[in-house]
Structure formats: C-alpha cells, structure tokens
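final.txt (compact mmCIF, C-alpha atoms and all ligand atoms) appears below.
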# COMPACT_ATOMS: atom_id res chain seq x y z
CA MET J 1 24.02 8.03 -19.15
CA GLY J 2 27.68 7.52 -19.77
CA ALA J 3 29.88 9.13 -22.39
CA GLN J 4 28.13 9.65 -25.66
CA SER J 5 29.27 7.78 -28.68
CA PRO J 6 30.27 9.85 -31.70
CA ALA J 7 27.18 8.60 -33.47
CA ALA J 8 24.95 9.84 -30.67
CA ARG J 9 26.62 13.21 -30.63
CA ARG J 10 26.15 13.81 -34.33
CA PRO J 11 22.52 15.04 -34.22
CA LEU J 12 23.45 17.59 -31.58
CA VAL J 13 26.27 18.93 -33.76
CA ALA J 14 23.82 19.08 -36.64
CA ALA J 15 21.25 20.90 -34.52
CA VAL J 16 23.79 23.46 -33.35
CA LEU J 17 24.87 24.04 -36.95
CA VAL J 18 21.31 24.44 -38.11
CA GLY J 19 20.65 26.86 -35.27
CA SER J 20 23.75 28.93 -35.92
CA LEU J 21 22.95 29.17 -39.60
CA GLY J 22 19.63 30.65 -38.61
CA ILE J 23 17.57 28.12 -40.49
CA ALA J 24 14.02 28.33 -39.21
CA GLY J 25 11.45 25.59 -39.51
CA GLY J 26 9.50 22.91 -37.68
CA CYS J 27 10.76 19.80 -36.03
CA ARG J 28 13.44 18.06 -38.03
CA GLU J 29 15.05 14.73 -37.30
CA SER J 30 18.22 16.70 -36.57
CA ASP J 31 16.50 18.71 -33.81
CA ARG J 32 15.67 15.68 -31.77
CA PRO J 33 17.25 15.38 -28.34
CA VAL J 34 20.30 13.17 -28.16
CA SER J 35 18.95 11.03 -25.33
CA GLY J 36 16.23 8.41 -25.64
CA PRO J 37 15.80 5.80 -28.30
CA PRO J 38 16.54 6.46 -31.95
CA PRO J 39 13.78 8.44 -33.63
CA TYR J 40 12.71 5.64 -35.94
CA VAL J 41 11.44 3.44 -33.06
CA ARG J 42 7.68 3.75 -33.16
CA GLU J 43 6.69 0.16 -32.46
CA LEU J 44 6.49 -1.34 -29.01
CA LYS J 45 8.88 -4.21 -28.41
CA PRO J 46 7.42 -7.65 -28.98
CA GLY J 47 6.50 -9.51 -25.82
CA GLU J 48 3.69 -10.89 -23.76
CA GLY J 49 1.30 -8.08 -22.94
CA LYS J 50 2.12 -5.96 -25.99
CA LEU J 51 -1.36 -6.43 -27.39
CA HIS J 52 -2.89 -5.34 -24.09
CA VAL J 53 -0.84 -2.16 -24.12
CA GLU J 54 -1.83 -1.46 -27.70
CA SER J 55 -5.50 -1.86 -27.04
CA ALA J 56 -5.63 -0.09 -23.65
CA CYS J 57 -3.00 2.61 -23.98
CA LEU J 58 -2.86 3.96 -27.49
CA SER J 59 -6.21 5.67 -27.76
CA CYS J 60 -5.01 8.91 -26.15
CA HIS J 61 -1.35 9.00 -27.19
CA ASN J 62 0.96 7.01 -29.39
CA ALA J 63 3.52 4.40 -28.48
CA ARG J 64 6.40 6.87 -28.45
CA THR J 65 5.01 8.32 -25.20
CA ILE J 66 5.93 4.97 -23.72
CA ILE J 67 9.03 4.16 -25.78
CA THR J 68 10.85 7.38 -24.94
CA LEU J 69 10.55 6.56 -21.26
CA GLU J 70 12.55 3.37 -21.48
CA GLY J 71 14.77 3.14 -18.42
CA MET J 72 12.27 4.25 -15.79
CA THR J 73 12.11 1.96 -12.77
CA LYS J 74 9.57 -0.80 -12.27
CA ASP J 75 7.92 1.21 -9.51
CA TRP J 76 7.64 4.18 -11.79
CA TRP J 77 5.83 2.16 -14.47
CA ARG J 78 3.37 0.82 -11.94
CA PHE J 79 2.69 4.33 -10.66
CA ASP J 80 2.25 5.61 -14.18
CA VAL J 81 -0.15 2.90 -15.32
CA CYS J 82 -2.17 3.45 -12.14
CA LYS J 83 -2.13 7.18 -12.82
CA MET J 84 -3.55 6.53 -16.30
CA ARG J 85 -6.37 4.59 -14.64
CA HIS J 86 -7.13 6.73 -11.62
CA THR J 87 -6.32 10.21 -12.90
CA PHE J 88 -6.70 10.14 -16.67
CA GLY J 89 -9.55 7.66 -16.80
CA ALA J 90 -7.94 4.95 -18.92
CA GLU J 91 -10.32 2.02 -18.91
CA VAL J 92 -8.19 -0.95 -17.96
CA SER J 93 -9.44 -4.03 -16.12
CA ASP J 94 -7.67 -5.30 -13.01
CA VAL J 95 -6.32 -8.29 -14.90
CA ASP J 96 -5.04 -6.23 -17.85
CA THR J 97 -3.46 -3.73 -15.49
CA ALA J 98 -1.22 -6.46 -14.10
CA LYS J 99 -0.32 -7.68 -17.61
CA ILE J 100 0.49 -4.18 -18.82
CA ILE J 101 2.66 -3.38 -15.80
CA LYS J 102 4.50 -6.69 -16.24
CA TYR J 103 5.10 -5.96 -19.94
CA LEU J 104 6.46 -2.48 -19.16
CA GLU J 105 8.64 -3.81 -16.33
CA ASP J 106 10.06 -6.52 -18.56
CA ASN J 107 10.61 -4.37 -21.62
CA TYR J 108 11.01 -0.74 -20.61
CA SER J 109 12.53 -0.64 -17.14
CA TRP J 110 16.16 -0.70 -16.16
CA PRO J 111 17.33 -2.04 -12.82
CA ASP J 112 17.49 0.45 -9.99
CA PRO J 113 19.92 -0.42 -7.19
CA VAL J 114 17.93 1.22 -4.40
CA GLU J 115 14.60 -0.13 -5.54
CA ASP J 116 16.02 -3.60 -6.03
CA ARG J 117 17.54 -3.63 -2.55
CA GLU J 118 14.21 -2.69 -1.05
CA ARG J 119 12.38 -5.04 -3.29
CA THR J 120 12.78 -7.89 -0.91
CA GLY J 121 9.24 -9.22 -1.10
CA THR J 122 7.65 -10.88 -4.03
CA ASP J 123 7.21 -8.93 -7.22
CA VAL J 124 3.85 -10.51 -7.93
CA ILE J 125 1.48 -9.03 -5.41
CA GLU J 126 2.23 -5.46 -6.29
CA ARG J 127 1.10 -5.09 -9.90
CA VAL J 128 -2.09 -3.67 -8.54
CA CYS J 129 -3.24 -0.06 -8.39
CA TYR J 130 -3.31 0.32 -4.62
CA GLN J 131 -3.68 3.92 -3.49
CA THR J 132 -2.04 4.55 -0.11
CA PRO J 133 -2.74 1.07 1.27
CA GLU J 134 -2.93 1.14 5.07
CA SER J 135 -3.87 -2.31 6.18
CA VAL J 136 -3.99 -5.90 4.97
CA LEU J 137 -6.19 -8.59 6.50
CA TYR J 138 -5.98 -12.26 5.56
CA HIS J 139 -9.39 -13.92 5.31
CA ALA J 140 -8.62 -17.62 5.59
CA PRO J 141 -11.99 -19.16 4.61
CA GLU J 142 -11.86 -17.39 1.26
CA ASP J 143 -8.06 -17.45 1.09
CA VAL J 144 -7.87 -13.78 0.09
CA TYR J 145 -6.21 -10.60 1.26
CA LEU J 146 -8.37 -7.58 1.97
CA VAL J 147 -6.43 -4.35 1.55
CA SER J 148 -7.75 -1.00 2.80
CA ASN J 149 -6.75 1.94 0.59
CA ILE J 150 -6.87 5.45 2.03
CA ASN J 151 -6.49 6.96 -1.45
CA GLY J 152 -5.19 10.39 -0.54
CA SER J 153 -4.88 11.95 2.89
CA PRO J 154 -5.13 9.69 5.96
CA LEU J 155 -7.35 12.41 7.45
CA GLY J 156 -9.41 13.19 4.38
CA VAL J 157 -13.20 13.06 4.60
CA ASP J 158 -13.19 12.68 0.85
CA GLY J 159 -15.37 9.65 0.19
CA ASP J 160 -12.82 7.97 -2.06
CA GLY J 161 -11.44 5.21 0.19
CA PHE J 162 -11.70 1.64 -1.02
CA ILE J 163 -11.03 -1.96 -0.03
CA SER J 164 -9.46 -4.40 -2.48
CA LYS J 165 -9.88 -8.13 -2.62
CA ILE J 166 -6.63 -9.77 -3.71
CA ALA J 167 -5.89 -13.45 -4.32
CA ALA J 168 -2.88 -14.83 -2.52
CA ASP J 169 -1.02 -15.09 -5.83
CA GLY J 170 -1.31 -11.34 -6.22
CA THR J 171 -4.19 -11.26 -8.67
CA ALA J 172 -6.55 -8.38 -8.04
CA LEU J 173 -9.93 -10.10 -7.78
CA ASP J 174 -11.64 -6.75 -7.29
CA LEU J 175 -9.57 -3.61 -6.75
CA THR J 176 -12.55 -1.57 -5.53
CA TRP J 177 -14.54 -4.38 -3.91
CA ILE J 178 -15.90 -1.90 -1.36
CA SER J 179 -15.68 1.69 -2.54
CA GLY J 180 -16.69 5.04 -1.08
CA GLU J 181 -17.38 6.12 -4.63
CA ARG J 182 -20.19 3.58 -4.96
CA GLU J 183 -23.76 4.68 -4.32
CA GLY J 184 -24.82 3.83 -0.77
CA THR J 185 -21.32 3.20 0.61
CA VAL J 186 -19.41 5.71 2.73
CA LEU J 187 -15.67 5.18 3.07
CA ASN J 188 -13.24 8.04 3.58
CA ALA J 189 -9.84 6.98 4.84
CA PRO J 190 -10.17 3.28 5.77
CA LYS J 191 -7.48 1.80 7.97
CA GLY J 192 -7.49 -1.30 10.20
CA MET J 193 -9.99 -4.10 9.67
CA ALA J 194 -11.27 -7.12 11.58
CA ILE J 195 -13.72 -9.90 10.88
CA GLN J 196 -16.35 -11.17 13.32
CA GLY J 197 -18.78 -13.75 11.95
CA SER J 198 -20.00 -12.49 8.60
CA THR J 199 -19.11 -8.86 9.29
CA LEU J 200 -16.08 -6.88 8.23
CA TYR J 201 -15.32 -4.01 10.63
CA VAL J 202 -13.35 -1.08 9.23
CA ALA J 203 -11.87 1.87 11.16
CA ASP J 204 -12.64 5.05 9.23
CA LEU J 205 -11.54 8.23 11.06
CA THR J 206 -14.23 8.62 13.77
CA VAL J 207 -16.57 5.81 12.71
CA VAL J 208 -16.29 2.03 12.69
CA ARG J 209 -18.08 0.81 9.57
CA LYS J 210 -19.56 -2.63 9.11
CA PHE J 211 -19.82 -4.50 5.82
CA ASP J 212 -21.26 -7.83 4.77
CA LEU J 213 -18.27 -10.07 4.24
CA ARG J 214 -20.00 -11.90 1.42
CA THR J 215 -21.33 -9.00 -0.65
CA GLY J 216 -19.25 -6.05 0.54
CA GLY J 217 -22.47 -4.12 1.13
CA PRO J 218 -22.69 -1.73 4.12
CA THR J 219 -24.52 -3.10 7.17
CA GLY J 220 -24.13 -0.31 9.72
CA ASN J 221 -21.95 2.36 11.29
CA ILE J 222 -20.72 2.83 14.84
CA PRO J 223 -19.72 6.47 15.32
CA ILE J 224 -17.35 7.01 18.25
CA PRO J 225 -17.85 10.63 19.38
CA GLY J 226 -14.68 12.10 20.85
CA SER J 227 -12.37 10.00 18.70
CA THR J 228 -10.17 11.51 16.00
CA PHE J 229 -8.08 8.84 14.31
CA LEU J 230 -9.49 5.34 14.70
CA ASN J 231 -6.70 3.20 13.39
CA ASP J 232 -6.75 -0.53 14.02
CA VAL J 233 -9.52 -3.00 14.73
CA CYS J 234 -8.91 -6.48 16.11
CA GLU J 235 -11.17 -9.38 16.97
CA GLY J 236 -12.04 -9.75 20.66
CA PRO J 237 -13.94 -12.48 22.55
CA ASN J 238 -17.70 -13.18 22.25
CA GLY J 239 -18.21 -11.38 18.97
CA SER J 240 -16.56 -8.17 20.18
CA VAL J 241 -13.90 -6.09 18.46
CA TYR J 242 -11.33 -3.68 19.85
CA VAL J 243 -10.53 -0.41 18.11
CA THR J 244 -7.67 1.99 18.81
CA ASP J 245 -7.70 5.77 18.51
CA THR J 246 -4.21 7.07 17.73
CA GLY J 247 -5.29 10.62 18.64
CA LEU J 248 -4.16 12.48 15.54
CA SER J 249 -5.38 15.25 13.38
CA GLY J 250 -3.52 17.40 10.91
CA ASN J 251 -2.60 20.80 9.61
CA THR J 252 -0.34 21.98 6.80
CA GLU J 253 2.73 21.10 8.85
CA GLY J 254 1.71 17.47 9.31
CA PHE J 255 0.17 15.47 12.13
CA VAL J 256 -1.03 17.16 15.32
CA ASN J 257 -1.79 15.29 18.54
CA THR J 258 -5.39 15.55 19.63
CA ARG J 259 -4.82 13.73 22.94
CA THR J 260 -7.86 11.55 22.33
CA ASP J 261 -5.73 8.37 22.66
CA ALA J 262 -8.02 5.48 23.55
CA VAL J 263 -8.80 1.80 23.15
CA TYR J 264 -12.47 0.89 22.79
CA ARG J 265 -14.23 -2.42 22.98
CA ILE J 266 -17.32 -2.79 20.79
CA GLU J 267 -19.73 -5.63 21.62
CA ALA J 268 -21.64 -7.74 19.12
CA ASP J 269 -24.71 -5.50 19.65
CA ASP J 270 -22.68 -2.35 18.76
CA ARG J 271 -22.54 -1.04 22.32
CA TYR J 272 -19.05 0.13 23.15
CA ARG J 273 -16.94 1.50 25.98
CA ALA J 274 -13.44 2.88 26.32
CA ILE J 275 -11.32 0.38 28.21
CA ALA J 276 -8.43 2.84 28.44
CA THR J 277 -7.93 6.52 27.56
CA GLY J 278 -5.30 9.22 27.84
CA THR J 279 -1.96 10.22 26.39
CA VAL J 280 -0.32 7.67 28.69
CA LEU J 281 -1.37 5.18 25.98
CA GLY J 282 1.31 6.66 23.68
CA GLN J 283 -0.89 6.92 20.58
CA PRO J 284 -2.11 3.36 20.27
CA ASN J 285 -2.06 1.91 16.79
CA GLY J 286 -1.94 -1.83 15.95
CA CYS J 287 -3.69 -4.35 18.15
CA VAL J 288 -4.13 -8.09 18.48
CA ALA J 289 -6.35 -9.84 21.01
CA VAL J 290 -4.80 -12.13 23.62
CA PRO J 291 -6.55 -13.89 26.54
CA GLY J 292 -7.96 -11.27 28.91
CA GLY J 293 -7.33 -8.32 26.64
CA LEU J 294 -5.11 -7.24 23.79
CA VAL J 295 -1.56 -6.34 22.83
CA VAL J 296 -1.14 -2.78 21.57
CA VAL J 297 1.77 -1.23 19.66
CA THR J 298 2.08 2.54 19.66
CA PHE J 299 2.76 5.09 17.00
CA GLY J 300 3.86 7.91 19.32
CA SER J 301 5.87 6.35 22.13
CA GLY J 302 7.09 3.27 20.27
CA GLU J 303 5.94 0.99 23.08
CA VAL J 304 4.38 -2.45 23.14
CA TYR J 305 2.09 -3.37 26.01
CA ARG J 306 -0.62 -5.77 26.96
CA LEU J 307 -3.84 -4.11 27.99
CA ASP J 308 -6.33 -5.90 30.23
CA ASP J 309 -10.04 -5.37 29.72
CA ASP J 310 -10.03 -3.28 32.91
CA GLY J 311 -7.47 -0.93 31.35
CA THR J 312 -4.34 -2.09 33.20
CA ARG J 313 -1.20 -1.84 31.09
CA HIS J 314 1.58 -4.43 31.25
CA PRO J 315 4.72 -3.22 29.48
CA MET J 316 6.45 -5.57 27.06
CA PRO J 317 9.93 -5.25 25.51
CA ARG J 318 10.32 -2.15 23.38
CA PRO J 319 11.41 -2.70 19.77
CA PRO J 320 14.70 -1.18 18.55
CA ARG J 321 12.86 1.61 16.72
CA GLY J 322 9.41 3.14 17.07
CA VAL J 323 6.57 4.67 15.09
CA LEU J 324 4.92 1.28 15.30
CA ASP J 325 1.97 0.44 13.14
CA GLY J 326 0.78 -3.17 12.86
CA VAL J 327 1.05 -6.25 15.05
CA VAL J 328 0.10 -9.89 14.46
CA ALA J 329 0.53 -12.99 16.61
CA LEU J 330 1.98 -16.10 15.03
CA GLY J 331 0.53 -19.51 15.86
CA ASP J 332 3.20 -20.07 18.50
CA GLY J 333 2.46 -16.75 20.22
CA ARG J 334 5.42 -14.75 18.89
CA LEU J 335 4.54 -11.23 17.82
CA VAL J 336 5.47 -9.58 14.55
CA ILE J 337 5.44 -5.77 14.50
CA SER J 338 5.90 -3.18 11.75
CA SER J 339 7.91 -0.03 12.41
CA PHE J 340 7.96 3.13 10.31
CA GLY J 341 10.82 4.40 12.47
CA GLY J 342 12.99 1.38 11.76
CA GLN J 343 11.70 0.79 8.23
CA ALA J 344 11.58 -2.75 9.46
CA ILE J 345 9.45 -5.72 10.44
CA TYR J 346 10.44 -6.97 13.88
CA ILE J 347 9.74 -10.33 15.43
CA LEU J 348 9.60 -10.65 19.22
CA ARG J 349 11.23 -13.99 19.91
CA HIS J 350 10.40 -16.32 22.78
CA ASP J 351 13.52 -15.12 24.62
CA GLN J 352 11.90 -11.64 24.60
CA THR J 353 14.45 -10.10 22.24
CA TYR J 354 13.71 -8.54 18.89
CA GLU J 355 15.09 -9.50 15.55
CA ALA J 356 14.56 -7.59 12.32
CA LEU J 357 12.79 -10.03 10.08
CA ALA J 358 13.01 -7.65 7.21
CA PRO J 359 15.06 -4.50 7.39
CA LEU J 360 14.57 -1.77 4.83
CA VAL J 361 10.88 -1.94 4.21
CA ASP J 362 9.91 1.60 3.43
CA ASN J 363 6.65 2.73 5.09
CA PRO J 364 5.44 -0.59 6.47
CA ALA J 365 1.86 -0.02 7.66
CA ASP J 366 -0.59 -2.50 9.20
CA ILE J 367 0.52 -6.08 8.47
CA ALA J 368 -1.35 -9.37 8.04
CA TRP J 369 -0.45 -12.94 8.92
CA ASP J 370 -1.29 -15.50 6.24
CA GLN J 371 -1.07 -18.63 8.37
CA LYS J 372 -1.71 -20.92 5.40
CA ARG J 373 1.48 -19.86 3.64
CA GLY J 374 3.46 -18.68 6.65
CA ARG J 375 3.62 -15.18 5.24
CA ILE J 376 3.70 -11.69 6.67
CA VAL J 377 1.96 -9.38 4.22
CA VAL J 378 3.00 -5.73 4.34
CA PRO J 379 1.30 -2.71 2.78
CA GLN J 380 3.85 -0.03 1.93
CA PHE J 381 1.95 3.12 2.64
CA MET J 382 3.64 5.77 0.50
CA LYS J 383 4.85 3.34 -2.13
CA SER J 384 1.33 2.12 -2.80
CA ARG J 385 2.42 -1.47 -3.01
CA VAL J 386 2.04 -4.65 -0.99
CA VAL J 387 4.89 -7.09 -0.42
CA TYR J 388 5.25 -10.20 1.67
CA PHE J 389 7.86 -12.16 3.54
CA ASN J 390 7.79 -15.89 4.01
CA LEU J 391 8.50 -17.02 7.53
CA ASP J 392 10.52 -20.12 7.13
CA GLY J 393 8.95 -22.59 9.56
CA ALA J 394 10.00 -21.67 13.05
CA THR J 395 13.05 -19.71 11.93
CA ALA J 396 12.93 -16.11 12.97
CA GLY J 397 15.09 -13.92 10.82
CA ALA J 398 14.32 -15.95 7.74
CA THR J 399 15.43 -14.21 4.63
CA PRO J 400 12.54 -12.76 2.70
CA THR J 401 11.81 -14.66 -0.45
CA GLY J 402 9.54 -14.61 -3.43
CA PRO J 403 6.61 -16.97 -3.99
C1 LIG Q 1 -7.82 8.27 -21.44
C2 LIG Q 1 -6.60 8.68 -22.09
C3 LIG Q 1 -5.35 7.89 -21.77
C4 LIG Q 1 -5.16 6.54 -21.85
C5 LIG Q 1 -6.16 5.48 -22.28
C6 LIG Q 1 -3.78 6.32 -21.48
N1 LIG Q 1 -3.17 7.49 -21.22
FE1 LIG Q 1 -1.18 7.75 -20.87
N2 LIG Q 1 -1.45 9.74 -20.77
C7 LIG Q 1 -2.66 10.38 -20.87
C8 LIG Q 1 -2.47 11.79 -20.58
C9 LIG Q 1 -3.56 12.84 -20.55
C10 LIG Q 1 -1.10 11.95 -20.34
C11 LIG Q 1 -0.38 13.22 -19.98
C12 LIG Q 1 0.10 13.88 -21.21
C13 LIG Q 1 0.76 15.16 -20.87
O1 LIG Q 1 1.13 15.36 -19.70
O2 LIG Q 1 0.94 15.95 -21.77
C14 LIG Q 1 -0.48 10.67 -20.50
C15 LIG Q 1 0.87 10.44 -20.38
C16 LIG Q 1 1.47 9.20 -20.41
C17 LIG Q 1 2.88 8.95 -20.24
C18 LIG Q 1 3.96 9.98 -20.06
C19 LIG Q 1 4.32 10.12 -18.62
C20 LIG Q 1 3.27 10.81 -17.82
O3 LIG Q 1 2.87 10.25 -16.80
O4 LIG Q 1 2.82 11.91 -18.20
C21 LIG Q 1 3.05 7.58 -20.29
C22 LIG Q 1 4.33 6.81 -20.13
C23 LIG Q 1 1.75 7.01 -20.49
N3 LIG Q 1 0.81 8.02 -20.59
C24 LIG Q 1 1.52 5.64 -20.56
C25 LIG Q 1 0.26 5.09 -20.72
C26 LIG Q 1 0.00 3.68 -20.65
C27 LIG Q 1 1.03 2.62 -20.36
C28 LIG Q 1 -1.32 3.52 -20.86
C29 LIG Q 1 -2.11 2.24 -20.83
C30 LIG Q 1 -2.28 1.63 -19.55
C31 LIG Q 1 -1.89 4.84 -21.07
N4 LIG Q 1 -0.91 5.76 -20.97
C32 LIG Q 1 -3.23 5.07 -21.36
C33 LIG Q 1 -3.86 9.82 -21.16
C34 LIG Q 1 -4.09 8.48 -21.38
Could you express the structure from this file as structure tokens?
Ligand code: HEC
Amino acid sequence: MGAQSPAARRPLVAAVLVGSLGIAGGCRESDRPVSGPPPYVRELKPGEGKLHVESACLSCHNARTIITLEGMTKDWWRFDVCKMRHTFGAEVSDVDTAKIIKYLEDNYSWPDPVEDRERTGTDVIERVCYQTPESVLYHAPEDVYLVSNINGSPLGVDGDGFISKIAADGTALDLTWISGEREGTVLNAPKGMAIQGSTLYVADLTVVRKFDLRTGGPTGNIPIPGSTFLNDVCEGPNGSVYVTDTGLSGNTEGFVNTRTDAVYRIEADDRYRAIATGTVLGQPNGCVAVPGGLVVVTFGSGEVYRLDDDGTRHPMPRPPRGVLDGVVALGDGRLVISSFGGQAIYILRHDQTYEALAPLVDNPADIAWDQKRGRIVVPQFMKSRVVYFNLDGATAGATPTGP
C-alpha cells in the first residue's frame, strides 16, 4: 500500500483517541483497521459467478471473509478455494469450482508481477483443484488429459492419491476420476502413467497399478520388490511398458538416495525384468520408447541417454540444467524435456542443441504431448497447477501462448 490518504488515516486517529481516553467497549466502526475495504462493503461485487459464490461459500462464513482479502493473487484464490474443498469440506462441484475461482480472480485479485511473468501458459487449464500434480498424459482417442495427483508427500503411503480427467479446454470432467479414497482402489502417490490397449498403468511408489481405461476401476497390481520410487511409465513394443525407479526415499531433511536405480520392462502378461540397474543410471526419471529401447532423462545426474533393451546406454546431449523429470518425443523425433534445475522446458533440436522452449516454469514435472493441438502440457508440482505451451508448427522456441 502506498501513502494513506487523510480520509484513510482518520479512523486510526479516532481509534488512538478512543484508546487514550480509556473508553472501553466492543468493536466500534472507529476500531477497524485502516487497511482493507471500507467497513460498509458487505455485498460481493456483481459479476458472472457471484451467485455460485453465494450459494457455495456463504454457509460457513459471510462475504466479508472474502471481501477483506481483495488484492490476493490469482494463485492464492485458487489455493484458497481448493483448501475450502479439500480441507474444510465445502461441497463444490468441479464445474462450480472453476466458475468461483474465475469470479474471484476477476473481481478480487490484483496483478502480481512475479506470478504474471511465470504465468506463461494458458489461464484456463488451471482452475482445477489439483493437489501436487506429478504427471500429465494425453489420451488421444478420448481427447482428454489424465493428471496424476500425489496429494501430499511424494513418498507417502497415505491412500489419498488421485487421477483427474480433464478436457483439453481445461474443464475438469472428473477431478477424482480414480481415487485412493474410493472403496476398492489403492493409490498412494501416483506418478508417471502409460496406456497399453485398454489399460492405464500408473507408477505408485513400489507398485505399478493397472486400471480399466474406460471405467477407471482397478484391474491389477504389479509389485516390484526392491524398488523404492517408481516414477515414470512409458509404452513399449508388443503390449509392454517400461518403468523407471529413481531410487529415492526420504527423511526429515529431504530426499535420500536408496541406490535402487533401475529401468524395468513389464510384458503384457505382467512378467517383468530389470533391463538396467545401478547408480550409473543417475536416478532415471522420465522415459519415452524409441525403436530398440527407450530414452531416459535423469533426476540425479541430469543426463539424457538412450537405453537398449539389453541395458546398453548411449549418451545423448546433456541439457543446460539438470534435475530432469519428463520427456516426450514430438512427431518429427525431437525430444522435449522438463527440468526442475533450469525451471525450464527444453527442446532438443535436430542439430543436437538445446533451446529453452519455456524458461521460468516453476517445478515442471512430467510433461505430456498433445499432438492434436501441438501442445506441451506441464504439471507444476508445488504450484498445484497445470499449464501448457503451444508449439508453433515446426518452430522450436515458439513463444508460449494461451488457447
Ligand atoms: C464447510 C464450511 C466452509 C465453506 C462452505 C467455505 N468455507 Fe471458507 N472457510 C472455512 C473455514 C473453517 C475457514 C477458516 C476460518 C478461520 O481460520 O478462522 C474459512 C476461511 C476462508 C477464507 C479466509 C482465508 C483462509 O483461508 O482462512 C476465505 C477467503 C474463504 N474461506 C473463502 C471461501 C470461499 C471462496 C468459499 C466457497 C468456495 C468458502 N470459503 C466456503 C469454511 C468454509
């Protein structure tokens, strides 16, 4: 806030006077703080979505709870509405959630320079109550994004993970399409996903879980004894999938290396084998299948390599920064890689050099490639939002744009 106008200062002067005169009593208009809106504002501003706020939000507290917080950022409003849903039990549908967040963004948020600079993706896809989203997968036949939500600690065996089904325009079709909180479904800290036939494979700590792609119902589990942090799953040949183990566990200080680094190949009949193991793998994270094997990007060493099915590694150019998470291959074979270390999305061009497609993307986790729209979809882990960047035809380095 800038300098106060004389009018704004007056109540403070009055309060000081009242105090010094020793007048006791309850709350008076003159005791009100000088910041915030004038005390007589008790009505929400008119606008689309106002009715939704009134019906969903005013059963536990009045409108002033909202009005006095005018000036919070857009991100803050989204967090707060999601907190009302997830923590305080406000009953708000997925559709109304988006409308309420939009209303609060439009009417009660002020621009924030840092947030706006980072806000390089669309502002549509994120009015959804993601909770620590780790991975996005584009499912072309249905034209939807599946988003895995860890919901809490990435290591937590807490049964509260969920997978959202999101339309490409950002509408939450079903926020908790698959949910560990539903009877009969186990999901703790879901991360990478892959689709083979009618099955969705999900990496969940030390187990790969299978779900029916149509119903979301569980269809089996593949425990991988000896693994600690199964992270990405990618489609392999002949109905197989590959899954990486980043080899992590945790204590109060943060992540600890378990040295269980590995890449497994699971066949259509659930039999699996490790095609490569050992810390030489550099904490493998994202993967994408290529002929004869897969490309792996690493969380620990910041490397990119191609791994043959017999376990031979073929180094590829190393991105400018590390702590790599997701990788996808574009139709023309170029790779796109997300980097926590660089807070960036890199594209490996045909001349084998990297270009930052999108710098300043805080916490970019496991990305998806929406080939229909030419879009890279990015879950922002700690920000609990999902943004996307349109790849402009063949142009690498295209500026990120909205829808
Ligand atoms: C089921 C009850 C309930 C509903 C419904 C509800 N809230 Fe809240 N809200 C709370 C509680 C509890 C608090 C915390 C109050 C406190 O800390 O003293 C709160 C606090 C707030 C705050 C103050 C900031 C904060 O996070 O403590 C805002 C803003 C807010 N709510 C907005 C909303 C909006 C917007 C909606 C509609 C989507 C909503 N509330 C619906 C229970 C509810």
- Task: All residues within 12 Å of ligand LIG 1 (chain Q) are required, counting only C-alpha atoms and all ligand atoms; please report them as number ranges by chain.
- Result: J: 44, 49-73, 76-105, 107-109, 129
- Residue contacts of range 199-216 of chain J (6 Å, only C-alpha atoms) excluding same-chain residues fewer than 4 positions away, as a list in words: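 The residues satisfying every condition are Ile178, Ala189, Pro190, Lys191, Gly192, Met193, Ala194, Ile195, Gly220, Asn221, Ile222, Pro223, Ile224, Ser227, Thr228, Phe229, Leu230 and Asn231 of chain J.
Residue nearest Phe255 in chain J within the list J:Gly236, J:Pro154, J:Gly226, J:Gly282: J:Pro154 [criterion: smallest interatomic distance, only C-alpha atoms].
In this structure, CA of Gly170 in chain J sits 15.2 Å away from CA of Ala140 in chain J.
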May I have a table of the residues of range 180-258 of chain J lying at most 10 Å from range 294-302 of chain J, giving each one's closest pair of atoms and their distance in Å to one decimal, counting all atoms listed in the file, ordered by chain and ascending residue number, as a tab-separated table?
residue	atom	partner	partner_atom	distance
J:Asp232	CA	J:Val296	CA	9.7
J:Cys234	CA	J:Leu294	CA	8.6
J:Glu235	CA	J:Leu294	CA	9.4
J:Gly236	CA	J:Leu294	CA	8.0
J:Tyr242	CA	J:Leu294	CA	8.2
J:Thr244	CA	J:Val296	CA	8.5
J:Thr246	CA	J:Phe299	CA	7.3
J:Gly247	CA	J:Gly300	CA	9.6
J:Leu248	CA	J:Gly300	CA	10.0
J:Asn257	CA	J:Gly300	CA	9.3
- Pick from J:Val387, J:Met316, J:Met382, J:Ala344 nearest to Asn149 in chain J, counting all atoms listed in the file: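 Checking each candidate against Asn149 in chain J, we get J:Met382 as the closest.
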- In Å, rounded to a single decimal, give me how far CA of Gly197 in chain J is from CA of Ile337 in chain J.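 Straight-line distance from CA of Ile337 in chain J to CA of Gly197 in chain J works out to 25.6 Å.
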- Task: Show which residues sit within 6 Å of Gly180 in chain J, as a ChimeraX atom specification. Count only C-alpha atoms, and ignore same-chain residues fewer than 2 positions away.
- Result: /J:159-161,182,185-187
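Put simply, CA of Ile150 in chain J is 26.5 Å away from CA of Ile347 in chain J.
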- Message: I want to know what sits within 9 Å of range 317-332 of chain J, based on all atoms listed in the file, with residues of the same chain fewer than 3 positions away left out; could you give that as a ChimeraX atom specification?
- Response: /J:135,192,232,284-290,295-305,335-344,346-348,352-356,364-369,371,374,376,394
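Of the residues listed (J:Ser249, J:Asp370, J:Pro379, J:Ser179), J:Asp370 shows the shortest atom-to-atom separation from Leu391 in chain J; distances use all atoms listed in the file.
Checking J:Glu267, J:Gly239, J:Ile345, J:Tyr272 one by one against Pro359 in chain J, counting all atoms listed in the file, you find the shortest gap at J:Ile345.
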If you take every atom of range 197-209 of chain J that the file lists and fit an axis-aligned box around them with 5 Å extra on each side, what centre and edge lengths come out in Å to one decimal, as lines of an AutoDock Vina configuration file?
center_x = -15.8
center_y = -2.6
center_z = 11.0
size_x = 18.5
size_y = 32.4
size_z = 15.5
- Query: Out of J:His139, J:Arg334, J:Lys383, J:Lys74, which residue has the shortest atom-to-atom distance to Asp112 in chain J when counting only C-alpha atoms?
  - Reply: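 Among the listed residues, J:Lys74 lies closest to Asp112 in chain J.
Remark: for Tyr145 in chain J, the closest of the candidate residues J:Val256, J:Val378, J:Thr312, J:Asp158 is J:Val378 (distances computed over all atoms listed in the file).
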